$ cat work-v1.cif   # mmCIF, N, CA and C atoms
data_start
loop_
_atom_site.label_atom_id
_atom_site.label_comp_id
_atom_site.auth_asym_id
_atom_site.auth_seq_id
_atom_site.Cartn_x
_atom_site.Cartn_y
_atom_site.Cartn_z
N MET V 48 -5.99 -60.93 -4.06
CA MET V 48 -5.26 -59.96 -3.27
C MET V 48 -5.00 -58.75 -4.16
N THR V 49 -5.17 -57.57 -3.60
CA THR V 49 -4.83 -56.35 -4.32
C THR V 49 -3.64 -55.70 -3.62
N VAL V 50 -2.85 -54.97 -4.41
CA VAL V 50 -1.65 -54.35 -3.90
C VAL V 50 -1.57 -52.93 -4.43
N GLU V 51 -1.25 -51.97 -3.56
CA GLU V 51 -0.95 -50.61 -3.98
C GLU V 51 0.44 -50.28 -3.46
N THR V 52 1.22 -49.54 -4.26
CA THR V 52 2.52 -49.13 -3.77
C THR V 52 2.69 -47.63 -3.97
N SER V 53 3.43 -46.99 -3.12
CA SER V 53 3.84 -45.59 -3.23
C SER V 53 5.04 -45.48 -2.31
N ASN V 54 4.96 -44.66 -1.27
CA ASN V 54 6.02 -44.61 -0.27
C ASN V 54 5.90 -45.76 0.71
N ARG V 55 4.85 -46.52 0.57
CA ARG V 55 4.62 -47.65 1.45
C ARG V 55 3.94 -48.76 0.66
N LEU V 56 3.96 -49.93 1.21
CA LEU V 56 3.35 -51.09 0.57
C LEU V 56 2.03 -51.37 1.26
N ARG V 57 0.97 -51.53 0.47
CA ARG V 57 -0.36 -51.80 1.01
C ARG V 57 -0.90 -53.04 0.32
N LEU V 58 -1.23 -54.06 1.12
CA LEU V 58 -1.77 -55.31 0.58
C LEU V 58 -3.13 -55.58 1.20
N THR V 59 -4.04 -56.09 0.39
CA THR V 59 -5.37 -56.42 0.87
C THR V 59 -5.66 -57.86 0.48
N ARG V 60 -6.19 -58.63 1.44
CA ARG V 60 -6.47 -60.05 1.19
C ARG V 60 -7.75 -60.46 1.91
N ARG V 61 -8.60 -61.23 1.21
CA ARG V 61 -9.82 -61.77 1.81
C ARG V 61 -9.53 -63.14 2.39
N PHE V 62 -10.06 -63.39 3.59
CA PHE V 62 -9.94 -64.70 4.24
C PHE V 62 -11.33 -65.24 4.52
N ASP V 63 -11.48 -66.54 4.37
CA ASP V 63 -12.75 -67.21 4.67
C ASP V 63 -12.74 -67.65 6.14
N ALA V 64 -12.50 -66.71 7.01
CA ALA V 64 -12.49 -66.96 8.46
C ALA V 64 -12.93 -65.68 9.14
N ALA V 65 -13.53 -65.84 10.31
CA ALA V 65 -14.01 -64.68 11.07
C ALA V 65 -12.83 -63.78 11.46
N PRO V 66 -13.08 -62.48 11.60
CA PRO V 66 -12.01 -61.57 12.01
C PRO V 66 -11.30 -62.02 13.29
N GLU V 67 -12.04 -62.57 14.24
CA GLU V 67 -11.44 -63.02 15.50
C GLU V 67 -10.40 -64.11 15.28
N ARG V 68 -10.67 -65.03 14.36
CA ARG V 68 -9.72 -66.12 14.08
C ARG V 68 -8.48 -65.60 13.39
N VAL V 69 -8.67 -64.68 12.44
CA VAL V 69 -7.53 -64.13 11.71
C VAL V 69 -6.67 -63.30 12.66
N PHE V 70 -7.30 -62.50 13.51
CA PHE V 70 -6.56 -61.70 14.48
C PHE V 70 -5.78 -62.60 15.44
N ALA V 71 -6.42 -63.62 15.96
CA ALA V 71 -5.78 -64.53 16.91
C ALA V 71 -4.58 -65.25 16.30
N ALA V 72 -4.59 -65.44 14.99
CA ALA V 72 -3.50 -66.15 14.30
C ALA V 72 -2.17 -65.40 14.39
N TRP V 73 -2.20 -64.13 14.76
CA TRP V 73 -0.99 -63.34 14.93
C TRP V 73 -0.34 -63.56 16.30
N PHE V 74 -1.06 -64.24 17.23
CA PHE V 74 -0.59 -64.31 18.61
C PHE V 74 -0.45 -65.73 19.16
N ASP V 75 -0.99 -66.73 18.54
CA ASP V 75 -0.95 -68.10 19.04
C ASP V 75 0.31 -68.79 18.51
N PRO V 76 1.29 -69.12 19.37
CA PRO V 76 2.56 -69.67 18.88
C PRO V 76 2.43 -70.86 17.92
N PRO V 77 1.60 -71.89 18.19
CA PRO V 77 1.51 -72.99 17.21
C PRO V 77 0.99 -72.52 15.85
N THR V 78 0.09 -71.55 15.85
CA THR V 78 -0.43 -71.02 14.59
C THR V 78 0.62 -70.15 13.91
N VAL V 79 1.27 -69.29 14.67
CA VAL V 79 2.32 -68.43 14.11
C VAL V 79 3.39 -69.28 13.44
N ARG V 80 3.75 -70.38 14.07
CA ARG V 80 4.78 -71.28 13.53
C ARG V 80 4.45 -71.77 12.12
N GLN V 81 3.16 -71.88 11.82
CA GLN V 81 2.74 -72.42 10.52
C GLN V 81 2.72 -71.39 9.40
N TRP V 82 2.71 -70.10 9.72
CA TRP V 82 2.55 -69.16 8.62
C TRP V 82 3.43 -67.91 8.67
N LEU V 83 3.72 -67.36 9.83
CA LEU V 83 4.42 -66.09 9.90
C LEU V 83 5.92 -66.29 9.75
N PHE V 84 6.46 -65.83 8.66
CA PHE V 84 7.87 -65.99 8.32
C PHE V 84 8.28 -67.46 8.27
N ALA V 85 7.34 -68.30 7.85
CA ALA V 85 7.61 -69.72 7.64
C ALA V 85 7.76 -69.95 6.14
N ALA V 86 8.57 -70.91 5.78
CA ALA V 86 8.73 -71.28 4.37
C ALA V 86 8.88 -72.78 4.30
N PRO V 87 8.30 -73.41 3.27
CA PRO V 87 8.39 -74.88 3.19
C PRO V 87 9.82 -75.38 3.21
N SER V 88 10.76 -74.59 2.65
CA SER V 88 12.15 -75.05 2.58
C SER V 88 12.94 -74.74 3.84
N SER V 89 12.37 -73.95 4.75
CA SER V 89 13.13 -73.57 5.94
C SER V 89 13.02 -74.64 7.02
N GLU V 90 14.00 -74.63 7.89
CA GLU V 90 13.97 -75.54 9.03
C GLU V 90 12.87 -75.11 9.98
N PRO V 91 12.37 -76.01 10.78
CA PRO V 91 11.37 -75.60 11.78
C PRO V 91 11.95 -74.54 12.72
N LYS V 92 11.11 -73.66 13.15
CA LYS V 92 11.55 -72.64 14.09
C LYS V 92 11.94 -73.29 15.41
N HIS V 93 13.02 -72.83 15.99
CA HIS V 93 13.46 -73.37 17.26
C HIS V 93 12.58 -72.89 18.40
N ARG V 94 12.20 -71.60 18.35
CA ARG V 94 11.42 -71.05 19.45
C ARG V 94 10.65 -69.81 19.00
N ILE V 95 9.46 -69.66 19.51
CA ILE V 95 8.66 -68.47 19.30
C ILE V 95 8.26 -67.97 20.67
N GLU V 96 8.58 -66.72 20.96
CA GLU V 96 8.23 -66.10 22.23
C GLU V 96 7.27 -64.96 21.94
N ILE V 97 6.08 -65.00 22.50
CA ILE V 97 5.09 -63.95 22.27
C ILE V 97 4.62 -63.38 23.60
N ASP V 98 4.79 -62.08 23.73
CA ASP V 98 4.28 -61.32 24.87
C ASP V 98 3.25 -60.35 24.28
N ALA V 99 2.01 -60.81 24.18
CA ALA V 99 0.95 -60.13 23.42
C ALA V 99 0.32 -59.00 24.22
N ARG V 100 1.07 -57.92 24.32
CA ARG V 100 0.55 -56.71 24.97
C ARG V 100 1.28 -55.52 24.36
N VAL V 101 0.66 -54.35 24.45
CA VAL V 101 1.33 -53.15 23.97
C VAL V 101 2.62 -53.00 24.75
N GLY V 102 3.72 -52.84 24.04
CA GLY V 102 5.05 -52.81 24.68
C GLY V 102 5.70 -54.18 24.70
N GLY V 103 4.93 -55.23 24.42
CA GLY V 103 5.45 -56.59 24.36
C GLY V 103 6.04 -56.87 22.99
N SER V 104 6.39 -58.13 22.77
CA SER V 104 7.05 -58.47 21.51
C SER V 104 6.75 -59.91 21.11
N CYS V 105 7.07 -60.17 19.87
CA CYS V 105 7.10 -61.53 19.33
C CYS V 105 8.50 -61.72 18.78
N VAL V 106 9.20 -62.73 19.26
CA VAL V 106 10.54 -63.03 18.78
C VAL V 106 10.51 -64.43 18.19
N ILE V 107 10.92 -64.52 16.94
CA ILE V 107 10.99 -65.82 16.26
C ILE V 107 12.46 -66.15 16.09
N LEU V 108 12.90 -67.19 16.76
CA LEU V 108 14.29 -67.66 16.68
C LEU V 108 14.30 -68.82 15.71
N ASN V 109 15.22 -68.80 14.78
CA ASN V 109 15.14 -69.74 13.68
C ASN V 109 16.52 -70.25 13.29
N ARG V 110 16.76 -70.31 12.03
CA ARG V 110 17.88 -71.03 11.46
C ARG V 110 19.23 -70.31 11.50
N TRP V 111 19.29 -69.03 11.83
CA TRP V 111 20.56 -68.31 11.77
C TRP V 111 21.21 -68.19 13.14
N GLY V 112 20.69 -68.83 14.13
CA GLY V 112 21.31 -68.81 15.44
C GLY V 112 20.94 -67.62 16.30
N GLY V 113 20.21 -66.69 15.76
CA GLY V 113 19.75 -65.53 16.51
C GLY V 113 18.32 -65.26 16.12
N PRO V 114 17.78 -64.15 16.58
CA PRO V 114 16.39 -63.87 16.20
C PRO V 114 16.29 -63.57 14.70
N ASP V 115 15.39 -64.25 14.04
CA ASP V 115 15.11 -63.97 12.63
C ASP V 115 14.16 -62.81 12.50
N VAL V 116 13.25 -62.71 13.47
CA VAL V 116 12.19 -61.71 13.40
C VAL V 116 11.96 -61.17 14.81
N ILE V 117 11.87 -59.85 14.91
CA ILE V 117 11.50 -59.22 16.17
C ILE V 117 10.35 -58.26 15.88
N ILE V 118 9.23 -58.52 16.50
CA ILE V 118 8.05 -57.68 16.36
C ILE V 118 7.82 -56.98 17.69
N GLY V 119 7.62 -55.68 17.64
CA GLY V 119 7.32 -54.91 18.84
C GLY V 119 5.92 -54.35 18.74
N TYR V 120 5.05 -54.74 19.66
CA TYR V 120 3.64 -54.35 19.58
C TYR V 120 3.43 -52.91 20.05
N LEU V 121 2.82 -52.10 19.18
CA LEU V 121 2.52 -50.70 19.48
C LEU V 121 1.05 -50.49 19.80
N GLU V 122 0.19 -51.26 19.14
CA GLU V 122 -1.26 -51.15 19.36
C GLU V 122 -1.89 -52.51 19.11
N ILE V 123 -2.75 -52.94 20.01
CA ILE V 123 -3.49 -54.19 19.87
C ILE V 123 -4.94 -53.88 20.18
N ALA V 124 -5.79 -53.90 19.15
CA ALA V 124 -7.21 -53.62 19.32
C ALA V 124 -7.99 -54.77 18.68
N ALA V 125 -8.09 -55.87 19.43
CA ALA V 125 -8.72 -57.08 18.93
C ALA V 125 -10.20 -56.84 18.64
N PRO V 126 -10.73 -57.41 17.60
CA PRO V 126 -10.08 -58.17 16.54
C PRO V 126 -9.88 -57.34 15.27
N ARG V 127 -9.74 -56.04 15.40
CA ARG V 127 -9.76 -55.18 14.22
C ARG V 127 -8.43 -54.57 13.79
N ARG V 128 -7.52 -54.34 14.74
CA ARG V 128 -6.32 -53.56 14.39
C ARG V 128 -5.12 -54.00 15.21
N LEU V 129 -3.98 -54.09 14.52
CA LEU V 129 -2.71 -54.43 15.13
C LEU V 129 -1.65 -53.53 14.49
N VAL V 130 -0.86 -52.86 15.32
CA VAL V 130 0.22 -52.01 14.83
C VAL V 130 1.50 -52.48 15.51
N PHE V 131 2.56 -52.65 14.71
CA PHE V 131 3.81 -53.14 15.28
C PHE V 131 5.02 -52.69 14.47
N THR V 132 6.17 -52.77 15.11
CA THR V 132 7.44 -52.59 14.40
C THR V 132 7.96 -53.98 14.04
N LEU V 133 8.77 -54.02 13.00
CA LEU V 133 9.32 -55.28 12.51
C LEU V 133 10.79 -55.09 12.23
N ILE V 134 11.60 -55.96 12.83
CA ILE V 134 13.04 -55.96 12.55
C ILE V 134 13.44 -57.36 12.11
N LEU V 135 14.19 -57.44 11.04
CA LEU V 135 14.78 -58.69 10.57
C LEU V 135 16.30 -58.53 10.74
N PRO V 136 16.83 -58.83 11.93
CA PRO V 136 18.23 -58.51 12.25
C PRO V 136 19.25 -59.10 11.29
N TYR V 137 18.95 -60.23 10.68
CA TYR V 137 19.90 -60.85 9.75
C TYR V 137 20.15 -59.94 8.56
N PHE V 138 19.13 -59.15 8.18
CA PHE V 138 19.22 -58.30 7.00
C PHE V 138 19.54 -56.85 7.34
N SER V 139 19.00 -56.34 8.46
CA SER V 139 19.19 -54.93 8.79
C SER V 139 18.78 -54.68 10.24
N PRO V 140 19.45 -53.72 10.90
CA PRO V 140 19.04 -53.36 12.26
C PRO V 140 17.85 -52.37 12.25
N ASP V 141 17.48 -51.90 11.07
CA ASP V 141 16.39 -50.93 10.96
C ASP V 141 15.03 -51.60 11.16
N SER V 142 14.07 -50.83 11.66
CA SER V 142 12.73 -51.38 11.84
C SER V 142 11.77 -50.75 10.84
N ASP V 143 10.79 -51.54 10.44
CA ASP V 143 9.69 -51.08 9.61
C ASP V 143 8.46 -50.95 10.50
N HIS V 144 7.50 -50.20 10.04
CA HIS V 144 6.25 -49.96 10.79
C HIS V 144 5.12 -50.63 10.00
N LEU V 145 4.34 -51.47 10.68
CA LEU V 145 3.26 -52.19 10.00
C LEU V 145 1.95 -51.98 10.73
N THR V 146 0.89 -51.89 9.94
CA THR V 146 -0.46 -51.79 10.46
C THR V 146 -1.29 -52.87 9.80
N VAL V 147 -2.01 -53.64 10.61
CA VAL V 147 -2.93 -54.67 10.12
C VAL V 147 -4.33 -54.24 10.53
N GLU V 148 -5.21 -54.14 9.54
CA GLU V 148 -6.61 -53.84 9.82
C GLU V 148 -7.45 -54.99 9.28
N ILE V 149 -8.41 -55.44 10.08
CA ILE V 149 -9.24 -56.58 9.73
C ILE V 149 -10.70 -56.14 9.82
N ALA V 150 -11.41 -56.29 8.70
CA ALA V 150 -12.81 -55.87 8.64
C ALA V 150 -13.69 -57.06 8.27
N PRO V 151 -14.84 -57.21 8.93
CA PRO V 151 -15.75 -58.30 8.57
C PRO V 151 -16.19 -58.16 7.12
N ALA V 152 -16.37 -59.29 6.46
CA ALA V 152 -16.85 -59.32 5.07
C ALA V 152 -17.63 -60.61 4.89
N GLY V 153 -18.94 -60.54 5.05
CA GLY V 153 -19.76 -61.74 4.96
C GLY V 153 -19.37 -62.72 6.05
N ALA V 154 -19.13 -63.98 5.66
CA ALA V 154 -18.72 -65.00 6.63
C ALA V 154 -17.23 -64.95 6.91
N GLY V 155 -16.50 -64.09 6.19
CA GLY V 155 -15.06 -63.99 6.36
C GLY V 155 -14.64 -62.59 6.75
N CYS V 156 -13.49 -62.19 6.24
CA CYS V 156 -12.99 -60.86 6.55
C CYS V 156 -12.00 -60.40 5.48
N ILE V 157 -11.73 -59.11 5.51
CA ILE V 157 -10.72 -58.50 4.65
C ILE V 157 -9.60 -58.01 5.55
N LEU V 158 -8.38 -58.46 5.27
CA LEU V 158 -7.21 -58.01 6.00
C LEU V 158 -6.45 -57.03 5.11
N THR V 159 -6.13 -55.87 5.65
CA THR V 159 -5.30 -54.89 4.96
C THR V 159 -4.04 -54.71 5.76
N LEU V 160 -2.90 -54.88 5.11
CA LEU V 160 -1.61 -54.70 5.74
C LEU V 160 -0.91 -53.51 5.09
N ILE V 161 -0.46 -52.57 5.90
CA ILE V 161 0.31 -51.43 5.42
C ILE V 161 1.71 -51.58 5.99
N HIS V 162 2.68 -51.70 5.10
CA HIS V 162 4.08 -51.93 5.49
C HIS V 162 4.86 -50.68 5.10
N GLU V 163 5.30 -49.92 6.11
CA GLU V 163 6.03 -48.68 5.88
C GLU V 163 7.50 -48.88 6.28
N GLY V 164 8.39 -48.41 5.41
CA GLY V 164 9.80 -48.44 5.76
C GLY V 164 10.71 -49.12 4.78
N PRO V 165 10.26 -50.11 4.02
CA PRO V 165 11.23 -50.77 3.14
C PRO V 165 11.61 -49.87 1.96
N PRO V 166 12.89 -49.89 1.56
CA PRO V 166 13.29 -49.13 0.37
C PRO V 166 12.52 -49.61 -0.85
N PRO V 167 12.28 -48.73 -1.81
CA PRO V 167 11.52 -49.11 -3.01
C PRO V 167 12.05 -50.36 -3.71
N ASP V 168 13.38 -50.55 -3.70
CA ASP V 168 13.96 -51.72 -4.36
C ASP V 168 13.53 -53.04 -3.74
N TYR V 169 13.07 -53.00 -2.50
CA TYR V 169 12.69 -54.21 -1.79
C TYR V 169 11.18 -54.45 -1.77
N GLN V 170 10.40 -53.53 -2.33
CA GLN V 170 8.95 -53.67 -2.25
C GLN V 170 8.43 -54.92 -2.95
N SER V 171 8.96 -55.23 -4.10
CA SER V 171 8.48 -56.41 -4.84
C SER V 171 8.74 -57.71 -4.07
N PRO V 172 9.97 -57.95 -3.57
CA PRO V 172 10.17 -59.18 -2.79
C PRO V 172 9.36 -59.21 -1.50
N ILE V 173 9.18 -58.05 -0.87
CA ILE V 173 8.37 -58.01 0.36
C ILE V 173 6.92 -58.32 0.04
N GLU V 174 6.42 -57.78 -1.05
CA GLU V 174 5.05 -58.08 -1.49
C GLU V 174 4.87 -59.58 -1.71
N ARG V 175 5.83 -60.19 -2.41
CA ARG V 175 5.76 -61.65 -2.64
C ARG V 175 5.80 -62.41 -1.32
N GLY V 176 6.66 -61.96 -0.41
CA GLY V 176 6.77 -62.64 0.88
C GLY V 176 5.46 -62.60 1.66
N TRP V 177 4.83 -61.42 1.73
CA TRP V 177 3.55 -61.33 2.44
C TRP V 177 2.48 -62.15 1.72
N ALA V 178 2.46 -62.15 0.40
CA ALA V 178 1.47 -62.94 -0.33
C ALA V 178 1.62 -64.43 0.01
N GLU V 179 2.86 -64.91 0.07
CA GLU V 179 3.10 -66.31 0.43
C GLU V 179 2.68 -66.59 1.88
N MET V 180 3.00 -65.67 2.76
CA MET V 180 2.61 -65.87 4.16
C MET V 180 1.09 -65.88 4.29
N PHE V 181 0.40 -65.00 3.56
CA PHE V 181 -1.06 -64.98 3.62
C PHE V 181 -1.67 -66.24 3.01
N ASP V 182 -1.01 -66.81 1.99
CA ASP V 182 -1.45 -68.12 1.47
C ASP V 182 -1.34 -69.18 2.57
N ASP V 183 -0.21 -69.15 3.30
CA ASP V 183 -0.01 -70.11 4.39
C ASP V 183 -1.02 -69.87 5.52
N LEU V 184 -1.31 -68.60 5.80
CA LEU V 184 -2.30 -68.28 6.83
C LEU V 184 -3.68 -68.82 6.43
N ALA V 185 -4.06 -68.61 5.18
CA ALA V 185 -5.37 -69.10 4.70
C ALA V 185 -5.43 -70.63 4.84
N ALA V 186 -4.35 -71.32 4.47
CA ALA V 186 -4.31 -72.78 4.59
C ALA V 186 -4.39 -73.21 6.06
N THR V 187 -3.71 -72.49 6.92
CA THR V 187 -3.73 -72.80 8.35
C THR V 187 -5.12 -72.64 8.95
N LEU V 188 -5.84 -71.64 8.49
CA LEU V 188 -7.17 -71.35 9.03
C LEU V 188 -8.25 -72.28 8.49
N ARG V 189 -7.96 -73.04 7.43
CA ARG V 189 -8.95 -73.96 6.87
C ARG V 189 -9.23 -75.12 7.80
#
$ encode --input "work-v1.cif" --output "structure tokens"
Amino acid sequence: MTVETSNRLRLTRRFDAAPERVFAAWFDPPTVRQWLFAAPSSEPKHRIEIDARVGGSCVILNRWGGPDVIIGYLEIAAPRRLVFTLILPYFSPDSDHLTVEIAPAGAGCILTLIHEGPPPDYQSPIERGWAEMFDDLAATLR
């Protein structure tokens, strides 16, 4: 995985899965449960609600009694591009802007995530968090 930072965080990761499978992993609740904002030490998610359309959302309800994650879909162009807002209400009411681009690469693909909005002090933990989630995604897709 390569990482660039400036006013935004940019991560690139290769997956040994077709772009269609990687893209679909953002929308299938059983798959999302295994990798997106999941951690081995966390309790299982109580509920995942996905309305996979522009203007729709993904809400992950988890261990704090309210939504842990709220994703608002801005653009869905399967299987190449996904743009969304991200709110983690437990930490802040502010939203970040994320873009996911997926390009074919041999038998697999390259996923590039651009995360705009986090303060510079939070870039390192956010980078680690996405790296761990992408490790979980790769394991899920195997």
$ atom_distance --input "work-v1.cif" --atom1 "CA of Gly103 in chain V" --atom2 "CA of Arg61 in chain V"
27.7 Å
$ atom_distance --input "work-v1.cif" --atom1 "CA of Val101 in chain V" --atom2 "CA of Arg55 in chain V"
23.4 Å
$ closest_residue --input "work-v1.cif" --among "V:Thr146, V:Thr187, V:Ala152, V:Ile123" --to "Asp98 in chain V" --atoms "only C-alpha atoms"
V:Ile123
$ atom_distance --input "work-v1.cif" --atom1 "atom C of Asp182 in chain V" --atom2 "atom C of Pro140 in chain V"
27.3 Å
$ closest_residue --input "work-v1.cif" --among "V:Tyr137, V:Ile97, V:Ala150, V:Ser142" --to "Ala65 in chain V" --atoms "only N, CA and C atoms"
V:Ala150
$ closest_residue --input "work-v1.cif" --among "V:His144, V:Pro66, V:His162, V:Arg60" --to "Arg127 in chain V" --atoms "all atoms listed in the file"
V:Pro66
$ residues_near_point --input "work-v1.cif" --point "(7.0, -66.9, 18.0)" --cutoff "5 Å" --atoms "only N, CA and C atoms" --output "list in words"
Arg94, Ile95, Glu96, Ile97, Val106 and Ile107 of chain V
$ residues_around --input "work-v1.cif" --residues "Val147 in chain V" --least-positions-apart "6" --cutoff "7 Å" --atoms "only N, CA and C atoms" --output "list of chain:residue names"
V:Arg127, V:Arg128, V:Leu129, V:Val130, V:Phe131, V:Leu158, V:Thr159, V:Leu160, V:Ile161
$ select_by_dssp --input "work-v1.cif" --residues "chain V" --states "strand (DSSP E or B)" --output "PyMOL selection string"
chain V and resi 49-52+55-62+94-97+104-108+114-124+128-134+142-152+155-163
$ residues_around --input "work-v1.cif" --residues "range 170-177 of chain V" --least-positions-apart "5" --cutoff "9 Å" --atoms "only C-alpha atoms" --output "list of chain:residue names"
V:Val50, V:Thr52, V:Arg55, V:Leu56, V:Arg57, V:Leu58, V:Leu83, V:Phe84, V:Pro165, V:Asp182
$ select_by_dssp --input "work-v1.cif" --residues "range 76-181 of chain V" --states "alpha helix (DSSP H)" --output "PyMOL selection string"
chain V and resi 76-82+170-181
